[in-house]
>>> print(open('target.pdb').read())   # PDB, C-alpha atoms
ATOM      1  CA  MET A   1       0.227 -54.264   8.340
ATOM      2  CA  ASN A   2       3.480 -56.165   8.938
ATOM      3  CA  HIS A   3       5.248 -53.160   7.521
ATOM      4  CA  LEU A   4       3.829 -51.091  10.376
ATOM      5  CA  GLY A   5       4.675 -53.526  13.182
ATOM      6  CA  LEU A   6       7.952 -51.904  14.173
ATOM      7  CA  PRO A   7       6.779 -48.261  13.962
ATOM      8  CA  LEU A   8       3.689 -49.145  16.018
ATOM      9  CA  ARG A   9       5.794 -50.760  18.744
ATOM     10  CA  GLN A  10       8.122 -47.761  18.669
ATOM     11  CA  ALA A  11       5.135 -45.389  18.775
ATOM     12  CA  TRP A  12       3.870 -46.972  22.007
ATOM     13  CA  ARG A  13       7.304 -46.602  23.583
ATOM     14  CA  PHE A  14       7.485 -43.008  22.383
ATOM     15  CA  LEU A  15       4.021 -42.212  23.783
ATOM     16  CA  LEU A  16       5.035 -43.716  27.141
ATOM     17  CA  LEU A  17       8.254 -41.706  27.154
ATOM     18  CA  SER A  18       6.461 -38.461  26.261
ATOM     19  CA  GLY A  19       3.798 -39.180  28.893
ATOM     20  CA  ILE A  20       6.480 -39.415  31.581
ATOM     21  CA  ALA A  21       8.139 -36.245  30.237
ATOM     22  CA  THR A  22       4.752 -34.457  30.322
ATOM     23  CA  LEU A  23       4.223 -35.367  33.978
ATOM     24  CA  LEU A  24       7.708 -34.072  34.814
ATOM     25  CA  VAL A  25       7.191 -30.820  32.904
ATOM     26  CA  GLN A  26       3.722 -30.391  34.423
ATOM     27  CA  PHE A  27       5.341 -30.644  37.854
ATOM     28  CA  LEU A  28       8.292 -28.341  37.096
ATOM     29  CA  HIS A  29       6.925 -25.767  34.611
ATOM     30  CA  PRO A  30       6.204 -22.436  36.365
ATOM     31  CA  ASN A  31       3.268 -21.639  34.036
ATOM     32  CA  SER A  32       1.820 -25.112  33.658
ATOM     33  CA  LEU A  33      -1.943 -25.408  33.148
ATOM     34  CA  GLU A  34      -4.246 -26.590  35.920
ATOM     35  CA  LEU A  35      -5.648 -29.703  34.266
ATOM     36  CA  SER A  36      -8.857 -29.703  36.302
ATOM     37  CA  ARG A  37      -9.694 -26.049  35.663
ATOM     38  CA  ASN A  38     -12.160 -24.984  33.009
ATOM     39  CA  TYR A  39     -10.422 -21.922  31.594
ATOM     40  CA  PHE A  40     -13.418 -21.128  29.411
ATOM     41  CA  GLU A  41     -16.189 -21.159  31.989
ATOM     42  CA  GLY A  42     -18.501 -18.262  31.175
ATOM     43  CA  SER A  43     -17.533 -18.379  27.510
ATOM     44  CA  SER A  44     -20.410 -18.005  25.090
ATOM     45  CA  THR A  45     -20.697 -18.446  21.354
ATOM     46  CA  ALA A  46     -23.738 -16.126  21.329
ATOM     47  CA  GLN A  47     -23.102 -12.578  20.143
ATOM     48  CA  THR A  48     -24.811  -9.238  20.596
ATOM     49  CA  GLY A  49     -26.072  -7.235  17.629
ATOM     50  CA  ASP A  50     -22.666  -5.484  17.517
ATOM     51  CA  GLY A  51     -20.896  -8.807  17.072
ATOM     52  CA  LEU A  52     -19.544  -8.751  20.633
ATOM     53  CA  PRO A  53     -19.738 -11.863  22.838
ATOM     54  CA  GLU A  54     -22.807 -11.993  25.081
ATOM     55  CA  HIS A  55     -22.366 -12.027  28.871
ATOM     56  CA  GLU A  56     -24.200 -11.629  32.153
ATOM     57  CA  PHE A  57     -22.412  -8.506  33.414
ATOM     58  CA  GLN A  58     -23.185  -4.832  32.963
ATOM     59  CA  SER A  59     -21.763  -3.350  29.773
ATOM     60  CA  VAL A  60     -19.452  -0.353  29.923
ATOM     61  CA  SER A  61     -19.323   1.874  26.861
ATOM     62  CA  LEU A  62     -16.199   3.735  25.745
ATOM     63  CA  ALA A  63     -17.513   7.007  27.212
ATOM     64  CA  ASP A  64     -18.387   5.303  30.521
ATOM     65  CA  ALA A  65     -14.996   3.601  30.604
ATOM     66  CA  LYS A  66     -13.349   7.011  30.188
ATOM     67  CA  ASP A  67     -15.422   8.360  33.115
ATOM     68  CA  TRP A  68     -14.688   5.369  35.375
ATOM     69  CA  TRP A  69     -11.013   5.610  34.425
ATOM     70  CA  SER A  70     -10.963   9.311  35.442
ATOM     71  CA  TYR A  71     -12.263   8.351  38.910
ATOM     72  CA  ARG A  72     -10.176   5.175  39.318
ATOM     73  CA  GLU A  73      -8.170   4.078  42.346
ATOM     74  CA  ASP A  74      -9.755   4.693  45.695
ATOM     75  CA  ALA A  75     -11.565   7.852  44.621
ATOM     76  CA  LEU A  76     -15.293   7.420  45.344
ATOM     77  CA  GLY A  77     -14.583   4.328  47.448
ATOM     78  CA  GLY A  78     -12.494   2.325  45.019
ATOM     79  CA  ILE A  79     -12.810   2.146  41.274
ATOM     80  CA  TYR A  80     -10.532  -0.321  39.577
ATOM     81  CA  ILE A  81      -9.640  -0.730  35.937
ATOM     82  CA  VAL A  82      -8.552  -4.315  35.270
ATOM     83  CA  ASP A  83      -6.777  -5.534  32.150
ATOM     84  CA  ALA A  84      -7.570  -9.194  31.467
ATOM     85  CA  ARG A  85      -5.057  -9.668  28.646
ATOM     86  CA  ARG A  86      -1.851 -11.732  28.740
ATOM     87  CA  SER A  87       0.930  -9.981  30.632
ATOM     88  CA  SER A  88       3.108  -9.694  27.502
ATOM     89  CA  THR A  89       0.281  -7.841  25.725
ATOM     90  CA  PHE A  90      -0.371  -5.693  28.797
ATOM     91  CA  GLU A  91       3.261  -4.629  28.911
ATOM     92  CA  SER A  92       3.148  -3.417  25.334
ATOM     93  CA  GLY A  93       0.409  -0.875  26.172
ATOM     94  CA  HIS A  94      -2.543  -0.533  28.543
ATOM     95  CA  LEU A  95      -4.851   1.992  30.195
ATOM     96  CA  PRO A  96      -2.803   4.016  32.697
ATOM     97  CA  GLY A  97      -3.295   2.724  36.236
ATOM     98  CA  ALA A  98      -4.869  -0.555  35.089
ATOM     99  CA  TRP A  99      -4.185  -3.746  37.039
ATOM    100  CA  ASN A 100      -3.170  -6.728  34.970
ATOM    101  CA  LEU A 101      -4.988  -9.876  36.096
ATOM    102  CA  ASP A 102      -4.206 -12.452  33.432
ATOM    103  CA  HIS A 103      -7.156 -14.826  33.375
ATOM    104  CA  TYR A 104      -4.932 -17.725  32.293
ATOM    105  CA  ALA A 105      -2.247 -17.185  34.937
ATOM    106  CA  ASN A 106      -2.314 -18.772  38.355
ATOM    107  CA  PRO A 107      -4.112 -16.254  40.645
ATOM    108  CA  ASN A 108      -1.165 -16.650  43.074
ATOM    109  CA  THR A 109       0.848 -14.594  40.590
ATOM    110  CA  TRP A 110      -1.630 -11.680  40.714
ATOM    111  CA  PRO A 111      -0.628  -8.605  42.768
ATOM    112  CA  GLU A 112      -0.876  -9.394  46.459
ATOM    113  CA  GLY A 113      -4.160  -8.429  48.098
ATOM    114  CA  ILE A 114      -5.809  -7.359  44.843
ATOM    115  CA  VAL A 115      -8.728  -9.772  45.190
ATOM    116  CA  THR A 116      -9.576  -8.433  48.667
ATOM    117  CA  ARG A 117      -9.444  -4.889  47.323
ATOM    118  CA  LEU A 118     -11.706  -5.776  44.405
ATOM    119  CA  ARG A 119     -14.239  -7.387  46.765
ATOM    120  CA  GLU A 120     -14.455  -4.069  48.609
ATOM    121  CA  ALA A 121     -14.446  -1.868  45.497
ATOM    122  CA  SER A 122     -17.362   0.187  44.296
ATOM    123  CA  MET A 123     -16.704  -0.537  40.612
ATOM    124  CA  VAL A 124     -14.430  -2.877  38.685
ATOM    125  CA  VAL A 125     -14.134  -2.242  34.948
ATOM    126  CA  VAL A 126     -12.640  -5.216  33.106
ATOM    127  CA  TYR A 127     -11.364  -5.013  29.556
ATOM    128  CA  CYS A 128      -9.384  -6.942  26.969
ATOM    129  CA  ASN A 129      -8.683  -6.186  23.310
ATOM    130  CA  GLY A 130     -12.314  -5.765  22.259
ATOM    131  CA  GLY A 131     -13.947  -7.299  19.195
ATOM    132  CA  ASP A 132     -14.391 -11.030  19.724
ATOM    133  CA  CYS A 133     -11.917 -11.078  22.644
ATOM    134  CA  GLU A 134     -13.491 -12.984  25.531
ATOM    135  CA  ASP A 135     -10.788 -12.643  28.168
ATOM    136  CA  SER A 136     -12.565  -9.774  29.974
ATOM    137  CA  ILE A 137     -15.753 -11.862  30.261
ATOM    138  CA  LEU A 138     -13.815 -14.938  31.389
ATOM    139  CA  LEU A 139     -11.974 -12.883  34.023
ATOM    140  CA  ALA A 140     -15.213 -11.240  35.194
ATOM    141  CA  HIS A 141     -16.691 -14.736  35.566
ATOM    142  CA  ASP A 142     -13.603 -15.846  37.543
ATOM    143  CA  LEU A 143     -13.776 -12.820  39.820
ATOM    144  CA  VAL A 144     -17.422 -13.463  40.642
ATOM    145  CA  TYR A 145     -17.574 -17.261  40.879
ATOM    146  CA  ARG A 146     -14.052 -18.131  42.062
ATOM    147  CA  HIS A 147     -13.078 -15.040  44.033
ATOM    148  CA  GLN A 148     -16.447 -13.865  45.352
ATOM    149  CA  VAL A 149     -16.314 -10.340  43.936
ATOM    150  CA  PRO A 150     -19.928  -9.042  43.910
ATOM    151  CA  PRO A 151     -21.307  -9.283  40.346
ATOM    152  CA  GLU A 152     -23.137  -5.961  40.570
ATOM    153  CA  ILE A 153     -19.855  -3.990  40.788
ATOM    154  CA  ILE A 154     -18.328  -5.622  37.696
ATOM    155  CA  GLY A 155     -18.597  -3.961  34.306
ATOM    156  CA  VAL A 156     -17.205  -5.314  31.053
ATOM    157  CA  PHE A 157     -15.751  -2.682  28.738
ATOM    158  CA  GLU A 158     -16.550  -4.692  25.625
ATOM    159  CA  THR A 159     -14.994  -2.628  22.883
ATOM    160  CA  GLY A 160     -11.870  -2.673  25.027
ATOM    161  CA  PHE A 161      -8.337  -1.571  24.417
ATOM    162  CA  GLU A 162      -8.661  -1.181  20.647
ATOM    163  CA  ALA A 163     -11.569   1.310  20.984
ATOM    164  CA  TRP A 164      -9.651   3.155  23.710
ATOM    165  CA  ARG A 165      -6.548   3.388  21.532
ATOM    166  CA  LYS A 166      -8.479   4.472  18.447
ATOM    167  CA  ALA A 167     -10.203   7.196  20.484
ATOM    168  CA  GLY A 168      -6.765   8.619  21.268
ATOM    169  CA  PHE A 169      -7.135   8.233  25.035
ATOM    170  CA  PRO A 170      -4.001   7.910  27.205
ATOM    171  CA  ILE A 171      -2.014   4.690  27.064
ATOM    172  CA  GLU A 172       0.778   3.508  29.309
ATOM    173  CA  PRO A 173       3.736   2.984  28.950
TER     174      PRO A 173
ATOM    175  CA  MET B   1      13.665 -56.074  17.247
ATOM    176  CA  SER B   2      16.606 -54.815  15.317
ATOM    177  CA  GLU B   3      16.214 -54.050  11.665
ATOM    178  CA  LEU B   4      19.864 -54.888  11.090
ATOM    179  CA  THR B   5      20.415 -57.748   8.707
ATOM    180  CA  PRO B   6      23.620 -59.012   7.235
ATOM    181  CA  ALA B   7      24.005 -56.626   4.385
ATOM    182  CA  THR B   8      25.772 -56.389   1.167
ATOM    183  CA  GLU B   9      27.111 -53.075  -0.126
ATOM    184  CA  PRO B  10      24.025 -50.896  -0.876
ATOM    185  CA  ALA B  11      23.424 -49.540  -4.344
ATOM    186  CA  PRO B  12      24.439 -45.870  -4.854
ATOM    187  CA  GLY B  13      20.759 -44.911  -5.375
ATOM    188  CA  SER B  14      19.661 -46.430  -2.097
ATOM    189  CA  ARG B  15      22.589 -44.786  -0.292
ATOM    190  CA  ALA B  16      21.505 -41.377  -1.612
ATOM    191  CA  ARG B  17      17.915 -42.117  -0.608
ATOM    192  CA  ALA B  18      19.070 -43.110   2.871
ATOM    193  CA  GLY B  19      21.049 -39.897   3.142
ATOM    194  CA  LEU B  20      18.073 -37.827   2.033
ATOM    195  CA  ARG B  21      15.817 -39.657   4.502
ATOM    196  CA  ARG B  22      18.265 -38.931   7.322
ATOM    197  CA  LEU B  23      18.500 -35.280   6.301
ATOM    198  CA  THR B  24      14.694 -35.033   6.172
ATOM    199  CA  ALA B  25      14.473 -36.547   9.667
ATOM    200  CA  LEU B  26      17.027 -34.042  10.983
ATOM    201  CA  ALA B  27      15.200 -31.058   9.462
ATOM    202  CA  LEU B  28      11.811 -32.344  10.633
ATOM    203  CA  GLY B  29      13.239 -32.993  14.094
ATOM    204  CA  LEU B  30      14.571 -29.448  14.379
ATOM    205  CA  ALA B  31      11.274 -27.990  13.156
ATOM    206  CA  MET B  32       9.323 -30.049  15.692
ATOM    207  CA  ILE B  33      11.639 -29.008  18.531
ATOM    208  CA  TYR B  34      11.159 -25.365  17.510
ATOM    209  CA  PHE B  35       7.340 -25.527  17.237
ATOM    210  CA  GLY B  36       7.048 -27.548  20.451
ATOM    211  CA  SER B  37       9.299 -25.152  22.401
ATOM    212  CA  LYS B  38       7.244 -22.140  21.334
ATOM    213  CA  LYS B  39       4.072 -23.867  22.569
ATOM    214  CA  LEU B  40       5.687 -25.093  25.759
ATOM    215  CA  GLY B  41       6.856 -21.546  26.554
ATOM    216  CA  ASP B  42       3.244 -20.376  26.721
ATOM    217  CA  PRO B  43       0.878 -23.278  27.490
ATOM    218  CA  ALA B  44      -2.053 -20.915  28.157
ATOM    219  CA  GLY B  45      -1.507 -19.200  24.801
ATOM    220  CA  PHE B  46      -1.577 -22.588  23.085
ATOM    221  CA  LEU B  47      -4.711 -23.598  25.009
ATOM    222  CA  LYS B  48      -6.398 -20.351  24.016
ATOM    223  CA  ALA B  49      -5.417 -20.838  20.375
ATOM    224  CA  ILE B  50      -6.813 -24.381  20.179
ATOM    225  CA  HIS B  51     -10.011 -23.303  21.942
ATOM    226  CA  GLU B  52     -10.544 -20.740  19.194
ATOM    227  CA  TYR B  53     -10.852 -23.541  16.641
ATOM    228  CA  ASP B  54     -14.539 -23.836  15.924
ATOM    229  CA  SER B  55     -14.137 -27.606  15.526
ATOM    230  CA  LEU B  56     -12.388 -28.049  18.915
ATOM    231  CA  ALA B  57     -14.193 -25.474  21.068
ATOM    232  CA  ASN B  58     -16.912 -27.878  22.174
ATOM    233  CA  LEU B  59     -14.580 -30.601  23.398
ATOM    234  CA  HIS B  60     -14.502 -31.209  27.152
ATOM    235  CA  PHE B  61     -12.269 -28.670  28.902
ATOM    236  CA  ALA B  62     -10.127 -31.370  30.557
ATOM    237  CA  PHE B  63      -9.392 -32.906  27.151
ATOM    238  CA  LEU B  64      -8.329 -29.486  25.798
ATOM    239  CA  ASN B  65      -6.085 -28.960  28.852
ATOM    240  CA  ILE B  66      -4.451 -32.356  28.311
ATOM    241  CA  LEU B  67      -3.974 -31.639  24.591
ATOM    242  CA  ALA B  68      -2.390 -28.268  25.362
ATOM    243  CA  THR B  69      -0.068 -29.880  27.891
ATOM    244  CA  TRP B  70       0.868 -33.045  26.029
ATOM    245  CA  ILE B  71       1.239 -31.929  22.408
ATOM    246  CA  PRO B  72       4.216 -29.575  22.974
ATOM    247  CA  ILE B  73       6.073 -32.373  24.800
ATOM    248  CA  LEU B  74       5.183 -34.861  22.055
ATOM    249  CA  GLU B  75       6.600 -32.458  19.481
ATOM    250  CA  ILE B  76       9.787 -31.775  21.425
ATOM    251  CA  THR B  77      10.517 -35.394  22.382
ATOM    252  CA  GLY B  78       9.481 -36.538  18.903
ATOM    253  CA  GLY B  79      11.792 -33.955  17.377
ATOM    254  CA  ILE B  80      14.692 -35.066  19.570
ATOM    255  CA  LEU B  81      14.113 -38.737  18.682
ATOM    256  CA  LEU B  82      13.934 -37.925  14.964
ATOM    257  CA  PHE B  83      17.116 -35.941  15.263
ATOM    258  CA  LEU B  84      18.970 -38.622  17.211
ATOM    259  CA  GLY B  85      17.592 -41.527  15.180
ATOM    260  CA  ILE B  86      16.116 -43.315  18.217
ATOM    261  CA  LEU B  87      12.608 -44.830  17.787
ATOM    262  CA  ARG B  88      12.588 -42.729  14.648
ATOM    263  CA  ARG B  89       9.792 -44.521  12.782
ATOM    264  CA  GLY B  90       7.525 -44.608  15.809
ATOM    265  CA  ALA B  91       8.087 -40.909  16.540
ATOM    266  CA  ALA B  92       7.363 -40.084  12.890
ATOM    267  CA  LEU B  93       4.141 -42.128  13.044
ATOM    268  CA  VAL B  94       2.856 -40.292  16.140
ATOM    269  CA  LEU B  95       3.843 -36.890  14.739
ATOM    270  CA  LEU B  96       2.112 -37.831  11.484
ATOM    271  CA  LEU B  97      -1.150 -38.455  13.370
ATOM    272  CA  ILE B  98      -0.840 -35.156  15.272
ATOM    273  CA  LEU B  99      -0.117 -33.265  12.063
ATOM    274  CA  LEU B 100      -3.066 -34.907  10.304
ATOM    275  CA  GLY B 101      -5.353 -33.900  13.170
ATOM    276  CA  PHE B 102      -4.161 -30.315  13.313
ATOM    277  CA  THR B 103      -4.047 -29.854   9.567
ATOM    278  CA  THR B 104      -7.663 -30.991   9.358
ATOM    279  CA  ALA B 105      -8.542 -28.517  12.148
ATOM    280  CA  VAL B 106      -6.662 -25.699  10.332
ATOM    281  CA  LEU B 107      -8.500 -26.557   7.104
ATOM    282  CA  PHE B 108     -11.931 -26.526   8.788
ATOM    283  CA  GLN B 109     -11.127 -23.307  10.671
ATOM    284  CA  THR B 110     -10.033 -21.654   7.420
ATOM    285  CA  LEU B 111     -13.271 -22.712   5.718
ATOM    286  CA  TYR B 112     -15.240 -21.436   8.745
ATOM    287  CA  LEU B 113     -13.423 -18.067   8.691
ATOM    288  CA  GLN B 114     -13.797 -17.862   4.927
ATOM    289  CA  GLU B 115     -17.555 -18.233   5.303
ATOM    290  CA  THR B 116     -17.728 -15.819   8.254
ATOM    291  CA  LEU B 117     -15.436 -13.104   6.869
ATOM    292  CA  GLY B 118     -16.275 -13.547   3.195
ATOM    293  CA  LYS B 119     -12.599 -13.483   2.173
ATOM    294  CA  SER B 120     -10.874 -15.723  -0.351
ATOM    295  CA  PHE B 121      -9.289 -18.899   1.032
ATOM    296  CA  CYS B 122      -5.659 -17.764   0.786
ATOM    297  CA  ASP B 123      -6.420 -14.333   2.288
ATOM    298  CA  ILE B 124      -7.409 -15.963   5.582
ATOM    299  CA  ALA B 125      -4.766 -15.467   8.269
ATOM    300  CA  PHE B 126      -5.091 -16.434  11.920
ATOM    301  CA  ASP B 127      -3.106 -17.660  14.908
ATOM    302  CA  CYS B 128      -3.283 -21.395  14.394
ATOM    303  CA  GLY B 129      -1.587 -22.089  17.727
ATOM    304  CA  CYS B 130       1.322 -23.583  15.827
ATOM    305  CA  GLY B 131       3.862 -21.454  17.656
ATOM    306  CA  THR B 132       4.404 -19.034  14.806
ATOM    307  CA  GLY B 133       1.737 -16.421  15.572
ATOM    308  CA  VAL B 134      -0.637 -15.245  12.855
ATOM    309  CA  VAL B 135      -0.024 -17.104   9.572
ATOM    310  CA  HIS B 136      -1.731 -17.330   6.223
ATOM    311  CA  ALA B 137      -3.787 -20.489   6.035
ATOM    312  CA  CYS B 138      -2.466 -21.489   2.598
ATOM    313  CA  THR B 139       1.156 -21.208   3.742
ATOM    314  CA  LYS B 140       0.425 -23.221   6.874
ATOM    315  CA  LEU B 141      -1.465 -25.915   5.006
ATOM    316  CA  LEU B 142       1.345 -26.250   2.464
ATOM    317  CA  GLN B 143       3.954 -26.407   5.240
ATOM    318  CA  ASN B 144       1.939 -29.044   7.116
ATOM    319  CA  THR B 145       1.407 -31.098   3.968
ATOM    320  CA  LEU B 146       5.159 -31.217   3.406
ATOM    321  CA  MET B 147       5.718 -32.256   7.029
ATOM    322  CA  ILE B 148       2.999 -34.932   6.748
ATOM    323  CA  LEU B 149       4.677 -36.365   3.647
ATOM    324  CA  ALA B 150       8.056 -36.315   5.391
ATOM    325  CA  CYS B 151       6.641 -38.064   8.479
ATOM    326  CA  ALA B 152       4.882 -40.662   6.335
ATOM    327  CA  TRP B 153       8.067 -41.396   4.405
ATOM    328  CA  ILE B 154      10.119 -41.800   7.582
ATOM    329  CA  ALA B 155       7.462 -43.915   9.323
ATOM    330  CA  TRP B 156       6.779 -46.225   6.360
ATOM    331  CA  THR B 157      10.261 -46.906   5.060
ATOM    332  CA  PRO B 158      12.631 -49.156   7.016
ATOM    333  CA  GLU B 159      15.820 -47.727   8.427
ATOM    334  CA  PRO B 160      18.648 -48.174   5.917
ATOM    335  CA  GLN B 161      20.683 -51.320   6.407
ATOM    336  CA  LYS B 162      24.021 -50.661   8.014
ATOM    337  CA  VAL B 163      27.119 -52.141   6.452
ATOM    338  CA  ARG B 164      29.322 -53.955   8.973
TER     339      ARG B 164
END
>>> encode(input="target.pdb", output="structure tokens")
Amino acid sequence: MNHLGLPLRQAWRFLLLSGIATLLVQFLHPNSLELSRNYFEGSSTAQTGDGLPEHEFQSVSLADAKDWWSYREDALGGIYIVDARRSSTFESGHLPGAWNLDHYANPNTWPEGIVTRLREASMVVVYCNGGDCEDSILLAHDLVYRHQVPPEIIGVFETGFEAWRKAGFPIEP
Amino acid sequence: MSELTPATEPAPGSRARAGLRRLTALALGLAMIYFGSKKLGDPAGFLKAIHEYDSLANLHFAFLNILATWIPILEITGGILLFLGILRRGAALVLLLILLGFTTAVLFQTLYLQETLGKSFCDIAFDCGCGTGVVHACTKLLQNTLMILACAWIAWTPEPQKVR
């Protein structure tokens, strides 16, 4: 153990140093995590028969998503298509006219006034990549429980972007 | 607590070993700075990746948030210290423990995916949250094993005596 005396003392000093650096970075980093926020609230390990994650919201099939998409944006009192993926993924291709609300980003970085508009919408269709991607469910949960969007207007397009792309539907950009 | 002692001229073998140890520390330091920077650039991406580990998913959310915030800084500061030769053995010891933890998690996740997907062990590829995107498990485990050995060597062996 004597052999480890010096590295152990150095390790404590290193941990202290990195702790101070972490506090500084946490304070200065524009995308730092909120330490007290549960980013995975609403996450479930249970799966449906199709292998998709279970959730409490209405399910939107590919055909329904196509219909809602056709009527999006203020037609019929406000239908919104919301992309829950990371902004870098969104930029590489998304449903035309979709709003990108990155679940992991600080909501202050979301487009101004979007939450108010969603609260007054008639339908909000949320999607992510599909498959075992949970971001759409996590965002739907956020919208309902943190931003008071009525749960009955939220639909999760579970098979998501991949099913949309494979079906040959329009993609932006 | 200096390790410096009055020294005689070191043997050629020990000088070569000291040089190799220093070179290993430099390479390991650079690798750690690189991996840490990639994680620090996207803390949410790193958080998401570690949450996807079956063995870590049930940990308390605050603990996961702290891990995702602290580990990139530990890697970067540890890498800088290894590179500069300051607190080198202590930094190597801490990085060794982190690597052991993550390598175990990668191993368990690979076994879990192998069972779920029914693929052979080395065909499993996933985003391990290591800062390199999707990687093959075998490659990652081999890479981590080499880094663990390097950390252990640096942490366990005393700094070479300096000739005055």
>>> resolve_selection(input="target.pdb", expression="the PyMOL selection byres ((chain A and resi 21-24) around 9)", output="NGL selection string")
(:A and (16-20 or 25-29)) or (:B and (69-70 or 72-74 or 77))
>>> resolve_selection(input="target.pdb", expression="the PyMOL selection byres ((chain B and resi 100) around 12)", output="list in words")
Ala92, Leu93, Val94, Leu95, Leu96, Leu97, Ile98, Leu99, Gly101, Phe102, Thr103, Thr104, Ala105, Val106, Leu107, Leu141, Asn144, Thr145, Leu146, Met147, Ile148, Leu149, Cys151 and Ala152 of chain B
>>> closest_atom_pairs(input="target.pdb", of="chain B", to="chain A", cutoff="6 Å", atoms="only C-alpha atoms", output="JSON lines")
{"residue": "B:Ala44", "atom": "CA", "partner": "A:Tyr104", "partner_atom": "CA", "distance": 6.0}
{"residue": "B:Phe61", "atom": "CA", "partner": "A:Asn38", "partner_atom": "CA", "distance": 5.5}
{"residue": "B:Asn65", "atom": "CA", "partner": "A:Leu35", "partner_atom": "CA", "distance": 5.5}
{"residue": "B:Trp70", "atom": "CA", "partner": "A:Thr22", "partner_atom": "CA", "distance": 6.0}
{"residue": "B:Leu74", "atom": "CA", "partner": "A:Ser18", "partner_atom": "CA", "distance": 5.7}
{"residue": "B:Leu87", "atom": "CA", "partner": "A:Gln10", "partner_atom": "CA", "distance": 5.4}
{"residue": "B:Arg89", "atom": "CA", "partner": "A:Pro7", "partner_atom": "CA", "distance": 4.9}
{"residue": "B:Gly90", "atom": "CA", "partner": "A:Ala11", "partner_atom": "CA", "distance": 3.9}
{"residue": "B:Ala91", "atom": "CA", "partner": "A:Ala11", "partner_atom": "CA", "distance": 5.8}
>>> write_last_selection(input="target.pdb", atoms="C-alpha atoms", output="CSV table (one decimal), keeping the file's coordinate frame")
chain,number,residue,atom,x,y,z
B,44,ALA,CA,-2.1,-20.9,28.2
B,61,PHE,CA,-12.3,-28.7,28.9
B,65,ASN,CA,-6.1,-29.0,28.9
B,70,TRP,CA,0.9,-33.0,26.0
B,74,LEU,CA,5.2,-34.9,22.1
B,87,LEU,CA,12.6,-44.8,17.8
B,89,ARG,CA,9.8,-44.5,12.8
B,90,GLY,CA,7.5,-44.6,15.8
B,91,ALA,CA,8.1,-40.9,16.5
>>> resolve_selection(input="target.pdb", expression="the PyMOL selection byres ((chain B and resi 126) around 10)", output="list in words")
Ala49, Val106, Gln109, Thr110, Leu113, Asp123, Ile124, Ala125, Asp127, Cys128, Gly129, Gly133, Val134, Val135, His136 and Ala137 of chain B
>>> write_last_selection(input="target.pdb", atoms="C-alpha atoms", output="JSON list (two decimals), keeping the file's coordinate frame")
[["chain", "number", "residue", "atom", "x", "y", "z"],
["B", 49, "ALA", "CA", -5.42, -20.84, 20.38],
["B", 106, "VAL", "CA", -6.66, -25.70, 10.33],
["B", 109, "GLN", "CA", -11.13, -23.31, 10.67],
["B", 110, "THR", "CA", -10.03, -21.65, 7.42],
["B", 113, "LEU", "CA", -13.42, -18.07, 8.69],
["B", 123, "ASP", "CA", -6.42, -14.33, 2.29],
["B", 124, "ILE", "CA", -7.41, -15.96, 5.58],
["B", 125, "ALA", "CA", -4.77, -15.47, 8.27],
["B", 127, "ASP", "CA", -3.11, -17.66, 14.91],
["B", 128, "CYS", "CA", -3.28, -21.40, 14.39],
["B", 129, "GLY", "CA", -1.59, -22.09, 17.73],
["B", 133, "GLY", "CA", 1.74, -16.42, 15.57],
["B", 134, "VAL", "CA", -0.64, -15.24, 12.86],
["B", 135, "VAL", "CA", -0.02, -17.10, 9.57],
["B", 136, "HIS", "CA", -1.73, -17.33, 6.22],
["B", 137, "ALA", "CA", -3.79, -20.49, 6.04]]
>>> atom_distance(input="target.pdb", atom1="atom CA of Pro158 of chain B", atom2="atom CA of Ile80 of chain B")
19.0 Å
>>> closest_residue(input="target.pdb", among="B:Leu56, B:Ala68, B:Leu26, B:Ala16", to="Gly41 of chain B", atoms="all atoms listed in the file")
B:Ala68
>>> residues_around(input="target.pdb", residues="Leu138 of chain A", least_positions_apart="2", cutoff="12 Å", atoms="only C-alpha atoms", output="PyMOL selection string")
(chain A and resi 38-44+53-57+83-85+101-104+126-128+133-136+140-146+156) or (chain B and resi 48)
>>> atom_distance(input="target.pdb", atom1="atom CA of Phe169 of chain A", atom2="atom CA of Lys66 of chain A")
8.2 Å
>>> axis_aligned_box(input="target.pdb", around="segment 31-39 of chain A", padding_each_side="8 Å", output="JSON")
{"center_x": -4.4, "center_y": -25.7, "center_z": 33.9, "size_x": 31.4, "size_y": 24.1, "size_z": 20.7}
>>> closest_residue(input="target.pdb", among="A:Val82, A:Ala163, A:Val115, A:Ala98", to="Gly131 of chain A", atoms="only C-alpha atoms")
A:Ala163
>>> atom_distance(input="target.pdb", atom1="atom CA of Gly85 of chain B", atom2="atom CA of Ala11 of chain B")
21.9 Å
>>> closest_residue(input="target.pdb", among="A:Thr109, A:Gln148, A:Ser122, A:Thr116", to="Ile81 of chain A", atoms="all atoms listed in the file")
A:Ser122
